[in-house]
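Student: Sending over a structure as structure tokens; questions will come in a sec.
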Amino acid sequence: MNYNYKTLIADDDPEMRDVLRGFLEELGCTVDGEVENGRDAVKQISLIQPKLCFIDIEMPIKNGLEVLEEIKALSIKTFPIIVSGHSTIDNVKLAVGLGAKGFIVKPYEIDKVKQILEKYSASLP
Amino acid sequence: MQAQNTQKVTKIGFTSILVLLSILIVFSIFRLQLDHAHLNKMAISNSALKHLITMRDATAQRALILYRMSAMDDPFKRDDLYLQFKAQAETFIKARSELQKGKTNTQYKNQYKAILPLMHQASDMHQETIQLLLSEKNNQANKLLQNDLHTIQNKVNKELSFILNTLREKMDAEIIHASNENQYAETLIAIIGITILILGTIIALYVLRHTRTFEAAIVKQKRIAEEANQSKTSYLSNMSHEIRTPLTAIIGFSENVISDEISDKERLKAGNTIIRNGKHLLQLINDILDISKIEAGQLEVESIETSPLHIIDEVSSLIDKQAKDKNLHFNINYRFPLPAYIHSDPVRLKQIIINLCGNAIKFTDQGSINIDIYYVEATNNLTFIIRDTGIGMSEQACKKIFAPFAQAEANTTRKFGGTGLGLTISKQLSEAMNGHLSCTSEIGKGSQFILELQLDDNNLQFINGYSPDVNQTGIKDMNTVPQLEGKILLAEDSSDNQELIQMYIEKTGADLTIVENGEQAVEQGLANNFQLILMDTQMPVMDGISAIELLRASGYTRAIVSLTANAMQADKDLCFKAGADDYLAKPIDLVEFYRVLKQNLKQSKEAKANDLSDKMQTTLKKLSAKFLLTLPDKLYAITNAYDNKNWDQLDAASHKLKGLGGSFGYPEITTISKRINDSTRSKDYLNLDNPINELINLCDKILKQDAA
């Protein structure tokens, strides 16, 4: 299965972005944007309009949950995935409530990313 | 229905009585007024009559007085008579004015008008005569009296008499008319009255009789309800007894097992007894559930393509062993041609046949158990006959055997065991499946149970021979524990069940993480990549259903199997709706449990095979090479922060390494980094020494391996 989707990564840690980029490209996706704070995330997501965007929670200027709120407010059509080092239940509930379609807990595993792509692929008409 | 009718009749009856009564009252008032008018009329006519008579008499008297005056010489006496004459005139005037005052009718007014000139003439002549008499002209007066006055007087008298007669006749006619009308009214009133009386009586009788019938019906209903209650009570007490019996054994033998003074042999025996009784209790509860479903009308049977021969195979794999254990022969007699597939409920059909065969084995000590299976084309019936050579029973017993808790003899349960519900359920099930279950038996010779299924299939395909699948997995598989590899998350709040499931899973070799509520299950499920999550449905903090929903909403696509003690179909549906892949009922059936595990985890031998594709491995290698280059710097960031007690930096550095290690294929780095990070965050600085040293050693080892 080749998942040929346009994606964006929002994470303030360049190494974390590298890992995720590696996995996504391995699975067939293209990473069309990489940003390191919440403000740029919103800007780039509305500009590039990626099919999926992977958003870290802890980011400078605006955190990932605020980015979700803006995506929702601007009604941008994308499949937002929260990536975080902590899967605290409050974060998960908040993220899902704000429209996140997935929640990946770091460390990354190829399988976790693959599950999300499978879910996105299944959600397509 | 009866009560409603009575009510209806009473309503209609009383309404008609009321209507009739109102008619009667209105009519009577009208009649009274009519009578009053008649009487009034008669009174008026009567007084008119009286006055007319007075007037006639006065006129006659005046004439008489005039005659007497004409014959009288004595002036005093004559004056007396004159005064009398005048008095008569007054009487006349008075009567006339009375007559005028009274309500007179036009007819006699006209008559009166006709005689008025006559009366005036008479009056004038009276006056003239009086004048003549008073002026002593007796002769002239006499002449006048004898001739003219006499004639006029007679005329007046005659006319007045005529009016009087007319009046009298009229009065008579009125009286007759009034009396006739009265008679008619009286008859009518009498008829209405009698009608009311009869109607009232009929209604009263009717209501009385039906109230009695109604009361009788109520008494009957009450008796039926009491009987039902009685049978419910005896059912409950029976049930309570049925549940207590195995529980007593379980508790007793369990106490026995934990005591010290018991040999291994006895312990084994006690263990077996506990298992047997536990299983019996489970069967009883399943049966009770079936019965209550049947009673609530909630029993649903499927109609799917089913192979009757396959079902017999499955039954035989189970029954064959039980029969052999009792040294009984077990035969299946197929009478071909038989339909290859029918539309039915395979699970329920199997349940019925297993139950019947189980009974046959239970009540047979020597001989054989036979299953005959044949198809009758004329009626489109598929028939299963389960025959045994057991103790049998009387014809009477045969009839009541399908009632709950009714074994042939009251004491059979003790001797032969069983829940006493199996046949009731089988009977109800077969009826729900459009079939019929009956029994014939003879004491000492054996019993046979006949299950006839009415098929609704039109295009049946027939087969003329069949050999059972020899590669069946049956009891053989029962106790083999699969050897598995992978990670399982168990969310379960009861520590007893945690231990039990842990014991089952440990035998397979799979890794197990246990959490005790839904929230922890979500956190752990997202953080770690489990091959399978076993999720209890009822848990504190967050229940299993919500946890499954949240996991699915978070993009979790791996297997989630719910565990629940609620065995109703609705509960299953709820689990599947939330996103569960499968479902396991509690108490856990080991065969089912291992089936689910095997389905979701890799068997140990295959597990050794490459998890990731070669290409993926290359990518990971490339990425991790880059990671390893920067690893010494990251390690230094941690040790440096620790040495300088810069806790914020230590928090950031350990958090970062925690995320990276596993991502590049070094989960051990993540594990230790997490310990450092957790301790730093909880300000547990004294316990940092160990993990930091471990991390240094680990990184050293990894870097050396890489160099090699």
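Please note that chains go A, B, ... in the order of the structure tokens, that every chain numbers its residues from 1, and that ligands are numbered from 1 in the order shown.
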Give me the residues within 6 Å of region 676-684 of chain B as a PyMOL selection string, counting only C-alpha atoms and dropping any in the same chain fewer than 4 places off.
Tutor: chain B and resi 651+654-655
Student: Would you kindly report the residues of chain B within 8 Å of chain A, using only C-alpha atoms, as a PyMOL selection string?
Tutor: chain B and resi 519-520+522-524+526-529+550+553-558+616+619+623+655+658-664+670
Student: With N, CA and C atoms retained, write the just-selected residues as a PDB file, in the first residue's frame.
Tutor:
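Everything below was put into result.pdb:
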```pdb
ATOM      1  N   GLU B 519      -9.349   5.459  31.298  1.00  0.00           N
ATOM      2  CA  GLU B 519      -8.423   6.557  31.016  1.00  0.00           C
ATOM      3  C   GLU B 519      -6.996   6.036  30.848  1.00  0.00           C
ATOM      4  N   GLN B 520      -6.607   5.175  31.786  1.00  0.00           N
ATOM      5  CA  GLN B 520      -5.260   4.608  31.693  1.00  0.00           C
ATOM      6  C   GLN B 520      -5.121   3.781  30.421  1.00  0.00           C
ATOM      7  N   VAL B 522      -6.569   4.362  27.558  1.00  0.00           N
ATOM      8  CA  VAL B 522      -6.372   5.264  26.420  1.00  0.00           C
ATOM      9  C   VAL B 522      -4.924   5.747  26.402  1.00  0.00           C
ATOM     10  N   GLU B 523      -4.444   6.192  27.587  1.00  0.00           N
ATOM     11  CA  GLU B 523      -3.078   6.722  27.664  1.00  0.00           C
ATOM     12  C   GLU B 523      -2.066   5.675  27.238  1.00  0.00           C
ATOM     13  N   GLN B 524      -2.206   4.478  27.803  1.00  0.00           N
ATOM     14  CA  GLN B 524      -1.260   3.409  27.498  1.00  0.00           C
ATOM     15  C   GLN B 524      -1.414   2.925  26.060  1.00  0.00           C
ATOM     16  N   LEU B 526      -2.360   4.525  23.437  1.00  0.00           N
ATOM     17  CA  LEU B 526      -1.798   5.441  22.447  1.00  0.00           C
ATOM     18  C   LEU B 526      -0.269   5.499  22.542  1.00  0.00           C
ATOM     19  N   ALA B 527       0.245   5.370  23.780  1.00  0.00           N
ATOM     20  CA  ALA B 527       1.685   5.503  23.969  1.00  0.00           C
ATOM     21  C   ALA B 527       2.442   4.274  23.490  1.00  0.00           C
ATOM     22  N   ASN B 528       1.856   3.103  23.639  1.00  0.00           N
ATOM     23  CA  ASN B 528       2.551   1.879  23.266  1.00  0.00           C
ATOM     24  C   ASN B 528       1.798   1.168  22.166  1.00  0.00           C
ATOM     25  N   ASN B 529       2.572   0.478  21.379  1.00  0.00           N
ATOM     26  CA  ASN B 529       1.918  -0.186  20.267  1.00  0.00           C
ATOM     27  C   ASN B 529       1.539  -1.616  20.635  1.00  0.00           C
ATOM     28  N   LEU B 550     -12.920   6.691  22.458  1.00  0.00           N
ATOM     29  CA  LEU B 550     -11.868   7.711  22.450  1.00  0.00           C
ATOM     30  C   LEU B 550     -10.634   7.210  21.697  1.00  0.00           C
ATOM     31  N   ALA B 553     -11.352   7.403  18.108  1.00  0.00           N
ATOM     32  CA  ALA B 553     -11.355   8.801  17.653  1.00  0.00           C
ATOM     33  C   ALA B 553      -9.933   9.327  17.534  1.00  0.00           C
ATOM     34  N   SER B 554      -9.009   8.756  18.331  1.00  0.00           N
ATOM     35  CA  SER B 554      -7.617   9.204  18.292  1.00  0.00           C
ATOM     36  C   SER B 554      -6.824   8.505  17.212  1.00  0.00           C
ATOM     37  N   GLY B 555      -7.473   7.765  16.393  1.00  0.00           N
ATOM     38  CA  GLY B 555      -6.790   7.134  15.272  1.00  0.00           C
ATOM     39  C   GLY B 555      -6.222   5.763  15.583  1.00  0.00           C
ATOM     40  N   TYR B 556      -6.627   5.170  16.700  1.00  0.00           N
ATOM     41  CA  TYR B 556      -6.120   3.847  17.048  1.00  0.00           C
ATOM     42  C   TYR B 556      -6.864   2.804  16.220  1.00  0.00           C
ATOM     43  N   THR B 557      -6.108   2.046  15.384  1.00  0.00           N
ATOM     44  CA  THR B 557      -6.814   1.103  14.490  1.00  0.00           C
ATOM     45  C   THR B 557      -6.551  -0.357  14.833  1.00  0.00           C
ATOM     46  N   ARG B 558      -5.737  -0.595  15.863  1.00  0.00           N
ATOM     47  CA  ARG B 558      -5.434  -1.996  16.172  1.00  0.00           C
ATOM     48  C   ARG B 558      -6.580  -2.682  16.927  1.00  0.00           C
ATOM     49  N   MET B 616      12.248  -0.727   4.710  1.00  0.00           N
ATOM     50  CA  MET B 616      11.994   0.030   5.927  1.00  0.00           C
ATOM     51  C   MET B 616      13.198  -0.034   6.852  1.00  0.00           C
ATOM     52  N   THR B 619      15.804   2.394   5.770  1.00  0.00           N
ATOM     53  CA  THR B 619      15.444   3.757   6.172  1.00  0.00           C
ATOM     54  C   THR B 619      15.775   3.980   7.637  1.00  0.00           C
ATOM     55  N   LEU B 623      18.382   6.594   9.327  1.00  0.00           N
ATOM     56  CA  LEU B 623      17.945   7.566  10.316  1.00  0.00           C
ATOM     57  C   LEU B 623      18.694   7.400  11.628  1.00  0.00           C
ATOM     58  N   HIS B 655      13.501  14.579  28.372  1.00  0.00           N
ATOM     59  CA  HIS B 655      12.242  14.484  27.618  1.00  0.00           C
ATOM     60  C   HIS B 655      12.522  14.258  26.131  1.00  0.00           C
ATOM     61  N   LYS B 658      13.884  10.812  25.472  1.00  0.00           N
ATOM     62  CA  LYS B 658      12.795   9.849  25.640  1.00  0.00           C
ATOM     63  C   LYS B 658      12.040   9.681  24.322  1.00  0.00           C
ATOM     64  N   GLY B 659      11.766  10.808  23.672  1.00  0.00           N
ATOM     65  CA  GLY B 659      11.026  10.757  22.405  1.00  0.00           C
ATOM     66  C   GLY B 659      11.863  10.173  21.272  1.00  0.00           C
ATOM     67  N   LEU B 660      13.159  10.437  21.289  1.00  0.00           N
ATOM     68  CA  LEU B 660      13.992  10.048  20.156  1.00  0.00           C
ATOM     69  C   LEU B 660      14.382   8.578  20.164  1.00  0.00           C
ATOM     70  N   GLY B 661      14.800   8.089  21.346  1.00  0.00           N
ATOM     71  CA  GLY B 661      15.359   6.739  21.441  1.00  0.00           C
ATOM     72  C   GLY B 661      14.534   5.698  20.716  1.00  0.00           C
ATOM     73  N   GLY B 662      13.294   5.568  21.133  1.00  0.00           N
ATOM     74  CA  GLY B 662      12.412   4.561  20.546  1.00  0.00           C
ATOM     75  C   GLY B 662      12.174   4.807  19.072  1.00  0.00           C
ATOM     76  N   SER B 663      12.081   6.107  18.718  1.00  0.00           N
ATOM     77  CA  SER B 663      11.804   6.434  17.327  1.00  0.00           C
ATOM     78  C   SER B 663      12.882   5.914  16.394  1.00  0.00           C
ATOM     79  N   PHE B 664      14.143   5.831  16.898  1.00  0.00           N
ATOM     80  CA  PHE B 664      15.236   5.371  16.052  1.00  0.00           C
ATOM     81  C   PHE B 664      15.570   3.905  16.278  1.00  0.00           C
ATOM     82  N   THR B 670      14.559   5.054  25.455  1.00  0.00           N
ATOM     83  CA  THR B 670      13.306   5.706  25.833  1.00  0.00           C
ATOM     84  C   THR B 670      12.908   5.316  27.257  1.00  0.00           C
TER      85      THR B 670
END
```
Student: Would you return as a count of residues only the members of region 10-123 of chain A that DSSP assigns to alpha helix (DSSP H) on this structure's backbone?
Tutor: 57
Student: Figure out the distance between CA of Lys41 (chain B) and CA of Tyr184 (chain B), please, to one decimal in Å.
Tutor: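 Straight-line distance from CA of Tyr184 (chain B) to CA of Lys41 (chain B) works out to 20.2 Å.
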Student: Closest to Arg17 (chain A) among A:Ala41, A:Leu98, A:Ile48, A:Val35, using only C-alpha atoms?
Tutor: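 Checking each candidate against Arg17 (chain A), we get A:Val35 as the closest.
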Student: Which residues are near Leu145 (chain B)? Cut-off 12 Å, only C-alpha atoms, ignore same chain within fewer than 2 positions. Put them as a PyMOL selection string.
Tutor: chain B and resi 62-71+122+125-130+132-133+138-143+147-154
Student: Pick out the residues sitting within 9 Å of Ile391 (chain B), and hand them over as a PyMOL selection string; count only C-alpha atoms, and ignore anything fewer than 6 positions along from it in its own chain.
Tutor: chain B and resi 363-365+442-447
Student: Please write the residues from the selection above to a file, keeping all heavy atoms, as a CSV table (one decimal), in the first residue's frame.
Tutor:
```csv
chain,number,residue,atom,x,y,z
B,363,PHE,N,-29.1,-40.2,31.1
B,363,PHE,CA,-30.1,-41.2,31.6
B,363,PHE,C,-29.9,-42.6,31.0
B,363,PHE,O,-30.8,-43.4,31.1
B,363,PHE,CB,-31.5,-40.7,31.3
B,363,PHE,CG,-31.9,-39.4,32.0
B,363,PHE,CD1,-31.9,-38.2,31.4
B,363,PHE,CD2,-32.1,-39.4,33.4
B,363,PHE,CE1,-32.2,-37.0,32.0
B,363,PHE,CE2,-32.4,-38.3,34.1
B,363,PHE,CZ,-32.5,-37.0,33.4
B,364,THR,N,-28.8,-42.8,30.4
B,364,THR,CA,-28.5,-44.2,29.9
B,364,THR,C,-27.2,-44.7,30.5
B,364,THR,O,-26.2,-44.1,30.6
B,364,THR,CB,-28.3,-44.1,28.4
B,364,THR,OG1,-29.4,-43.4,27.8
B,364,THR,CG2,-28.2,-45.5,27.8
B,365,ASP,N,-27.4,-45.9,31.1
B,365,ASP,CA,-26.2,-46.6,31.7
B,365,ASP,C,-25.6,-47.6,30.8
B,365,ASP,O,-24.4,-47.9,30.9
B,365,ASP,CB,-26.6,-47.2,33.0
B,365,ASP,CG,-26.8,-46.1,34.1
B,365,ASP,OD1,-26.1,-45.1,34.0
B,365,ASP,OD2,-27.6,-46.3,35.0
B,442,GLU,N,-40.6,-45.2,27.1
B,442,GLU,CA,-41.1,-46.4,27.8
B,442,GLU,C,-40.2,-46.7,29.0
B,442,GLU,O,-39.0,-46.8,28.8
B,442,GLU,CB,-41.2,-47.6,26.9
B,442,GLU,CG,-42.2,-48.6,27.3
B,442,GLU,CD,-42.3,-49.8,26.3
B,442,GLU,OE1,-42.3,-49.4,25.0
B,442,GLU,OE2,-42.4,-50.9,26.7
B,443,ILE,N,-40.8,-46.9,30.1
B,443,ILE,CA,-39.9,-47.1,31.3
B,443,ILE,C,-39.1,-48.4,31.1
B,443,ILE,O,-39.6,-49.4,30.7
B,443,ILE,CB,-40.8,-47.2,32.6
B,443,ILE,CG1,-41.5,-45.9,32.9
B,443,ILE,CG2,-40.0,-47.7,33.8
B,443,ILE,CD1,-42.4,-45.9,34.0
B,444,GLY,N,-37.8,-48.2,31.4
B,444,GLY,CA,-36.9,-49.3,31.3
B,444,GLY,C,-36.4,-49.6,29.9
B,444,GLY,O,-35.4,-50.4,29.8
B,445,LYS,N,-37.0,-49.0,28.9
B,445,LYS,CA,-36.5,-49.3,27.5
B,445,LYS,C,-35.8,-48.2,26.9
B,445,LYS,O,-34.9,-48.4,26.0
B,445,LYS,CB,-37.7,-49.7,26.7
B,445,LYS,CG,-38.3,-51.1,27.1
B,445,LYS,CD,-39.0,-51.8,25.9
B,445,LYS,CE,-39.3,-53.2,26.3
B,445,LYS,NZ,-40.3,-53.8,25.4
B,446,GLY,N,-36.2,-47.0,27.2
B,446,GLY,CA,-35.5,-45.8,26.7
B,446,GLY,C,-36.5,-44.8,26.2
B,446,GLY,O,-37.7,-45.0,26.2
B,447,SER,N,-35.9,-43.7,25.7
B,447,SER,CA,-36.7,-42.5,25.3
B,447,SER,C,-36.3,-42.1,23.9
B,447,SER,O,-35.2,-42.4,23.5
B,447,SER,CB,-36.5,-41.3,26.2
B,447,SER,OG,-36.7,-41.7,27.5
```
Student: Taking the chain letters and numbering used in this document, name the residues of region 105-330 of chain B that DSSP puts in strand (DSSP E), as a list in words.
Tutor: Ile304, Glu305, Thr306, His329 and Phe330 of chain B
Student: Do you know which residues are at most 12 Å from Arg96 (chain B) counting only C-alpha atoms, after dropping those on the same chain fewer than 4 positions away, and could you put them as a PyMOL selection string?
Tutor: chain B and resi 47-56+58-59+89-92+100-102+104+109+112+116+119
Student: What's the 9 Å shell around region 301-311 of chain B, counting only C-alpha atoms, without same-chain residues fewer than 3 positions away, as a PDB file with N, CA and C atoms, in the first residue's frame?
Tutor:
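Contents of part-v6.pdb, freshly written:
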```
ATOM      1  N   GLU B 314     -20.347 -31.543  14.474  1.00  0.00           N
ATOM      2  CA  GLU B 314     -19.905 -30.793  15.658  1.00  0.00           C
ATOM      3  C   GLU B 314     -20.472 -31.405  16.921  1.00  0.00           C
ATOM      4  N   VAL B 315     -21.740 -31.803  16.838  1.00  0.00           N
ATOM      5  CA  VAL B 315     -22.365 -32.438  17.999  1.00  0.00           C
ATOM      6  C   VAL B 315     -21.623 -33.741  18.317  1.00  0.00           C
ATOM      7  N   SER B 316     -21.340 -34.496  17.279  1.00  0.00           N
ATOM      8  CA  SER B 316     -20.750 -35.816  17.525  1.00  0.00           C
ATOM      9  C   SER B 316     -19.348 -35.699  18.112  1.00  0.00           C
ATOM     10  N   TYR B 334     -27.649 -41.613   8.935  1.00  0.00           N
ATOM     11  CA  TYR B 334     -28.122 -40.680   7.914  1.00  0.00           C
ATOM     12  C   TYR B 334     -29.025 -41.444   6.962  1.00  0.00           C
ATOM     13  N   LEU B 338     -30.215 -36.131   1.765  1.00  0.00           N
ATOM     14  CA  LEU B 338     -30.399 -35.085   2.777  1.00  0.00           C
ATOM     15  C   LEU B 338     -30.014 -33.730   2.177  1.00  0.00           C
ATOM     16  N   PRO B 339     -30.684 -32.657   2.611  1.00  0.00           N
ATOM     17  CA  PRO B 339     -30.327 -31.331   2.070  1.00  0.00           C
ATOM     18  C   PRO B 339     -28.914 -30.920   2.513  1.00  0.00           C
ATOM     19  N   ALA B 340     -28.131 -30.390   1.578  1.00  0.00           N
ATOM     20  CA  ALA B 340     -26.770 -29.965   1.907  1.00  0.00           C
ATOM     21  C   ALA B 340     -26.808 -28.720   2.785  1.00  0.00           C
ATOM     22  N   TYR B 341     -27.743 -27.826   2.451  1.00  0.00           N
ATOM     23  CA  TYR B 341     -27.880 -26.599   3.252  1.00  0.00           C
ATOM     24  C   TYR B 341     -29.355 -26.282   3.485  1.00  0.00           C
ATOM     25  N   ILE B 342     -29.631 -25.783   4.681  1.00  0.00           N
ATOM     26  CA  ILE B 342     -30.990 -25.303   4.970  1.00  0.00           C
ATOM     27  C   ILE B 342     -30.851 -23.898   5.540  1.00  0.00           C
ATOM     28  N   HIS B 343     -31.952 -23.178   5.616  1.00  0.00           N
ATOM     29  CA  HIS B 343     -31.902 -21.877   6.293  1.00  0.00           C
ATOM     30  C   HIS B 343     -32.383 -22.051   7.713  1.00  0.00           C
ATOM     31  N   SER B 344     -31.479 -21.829   8.650  1.00  0.00           N
ATOM     32  CA  SER B 344     -31.824 -22.039  10.041  1.00  0.00           C
ATOM     33  C   SER B 344     -30.830 -21.293  10.927  1.00  0.00           C
ATOM     34  N   ASP B 345     -30.929 -21.511  12.242  1.00  0.00           N
ATOM     35  CA  ASP B 345     -29.986 -20.897  13.172  1.00  0.00           C
ATOM     36  C   ASP B 345     -29.035 -21.987  13.654  1.00  0.00           C
ATOM     37  N   PRO B 346     -27.808 -22.033  13.123  1.00  0.00           N
ATOM     38  CA  PRO B 346     -26.912 -23.144  13.421  1.00  0.00           C
ATOM     39  C   PRO B 346     -26.582 -23.254  14.912  1.00  0.00           C
ATOM     40  N   VAL B 347     -26.401 -22.086  15.561  1.00  0.00           N
ATOM     41  CA  VAL B 347     -26.015 -22.123  16.984  1.00  0.00           C
ATOM     42  C   VAL B 347     -27.124 -22.745  17.819  1.00  0.00           C
ATOM     43  N   ARG B 348     -28.367 -22.288  17.553  1.00  0.00           N
ATOM     44  CA  ARG B 348     -29.498 -22.797  18.336  1.00  0.00           C
ATOM     45  C   ARG B 348     -29.808 -24.256  18.000  1.00  0.00           C
ATOM     46  N   LEU B 349     -29.664 -24.609  16.726  1.00  0.00           N
ATOM     47  CA  LEU B 349     -29.940 -25.990  16.329  1.00  0.00           C
ATOM     48  C   LEU B 349     -28.965 -26.929  17.041  1.00  0.00           C
ATOM     49  N   LYS B 350     -27.695 -26.509  17.063  1.00  0.00           N
ATOM     50  CA  LYS B 350     -26.681 -27.311  17.742  1.00  0.00           C
ATOM     51  C   LYS B 350     -27.013 -27.412  19.234  1.00  0.00           C
ATOM     52  N   ILE B 353     -29.715 -30.027  19.816  1.00  0.00           N
ATOM     53  CA  ILE B 353     -29.287 -31.427  19.631  1.00  0.00           C
ATOM     54  C   ILE B 353     -28.289 -31.833  20.716  1.00  0.00           C
ATOM     55  N   LEU B 429     -37.033 -23.079  21.735  1.00  0.00           N
ATOM     56  CA  LEU B 429     -36.151 -22.751  20.616  1.00  0.00           C
ATOM     57  C   LEU B 429     -36.650 -23.392  19.333  1.00  0.00           C
ATOM     58  N   ALA B 432     -39.476 -21.518  18.030  1.00  0.00           N
ATOM     59  CA  ALA B 432     -39.037 -20.245  17.442  1.00  0.00           C
ATOM     60  C   ALA B 432     -38.406 -20.469  16.060  1.00  0.00           C
ATOM     61  N   MET B 433     -37.853 -21.690  15.861  1.00  0.00           N
ATOM     62  CA  MET B 433     -37.216 -21.990  14.584  1.00  0.00           C
ATOM     63  C   MET B 433     -38.190 -22.660  13.623  1.00  0.00           C
ATOM     64  N   TYR B 466     -22.024 -38.900   2.711  1.00  0.00           N
ATOM     65  CA  TYR B 466     -21.292 -37.918   3.503  1.00  0.00           C
ATOM     66  C   TYR B 466     -20.286 -38.627   4.391  1.00  0.00           C
ATOM     67  N   PRO B 468     -17.735 -37.616   7.511  1.00  0.00           N
ATOM     68  CA  PRO B 468     -17.394 -36.512   8.397  1.00  0.00           C
ATOM     69  C   PRO B 468     -15.950 -36.064   8.207  1.00  0.00           C
ATOM     70  N   ASP B 469     -15.730 -34.786   8.396  1.00  0.00           N
ATOM     71  CA  ASP B 469     -14.403 -34.188   8.274  1.00  0.00           C
ATOM     72  C   ASP B 469     -13.491 -34.776   9.348  1.00  0.00           C
TER      73      ASP B 469
END
```
Student: Just the residues within 9 Å of Gln531 (chain B), please, counting only C-alpha atoms, with nothing from its chain fewer than 2 positions along; format it as a ChimeraX atom specification.
Tutor: /B:486-489,529,533,558-560,600-601
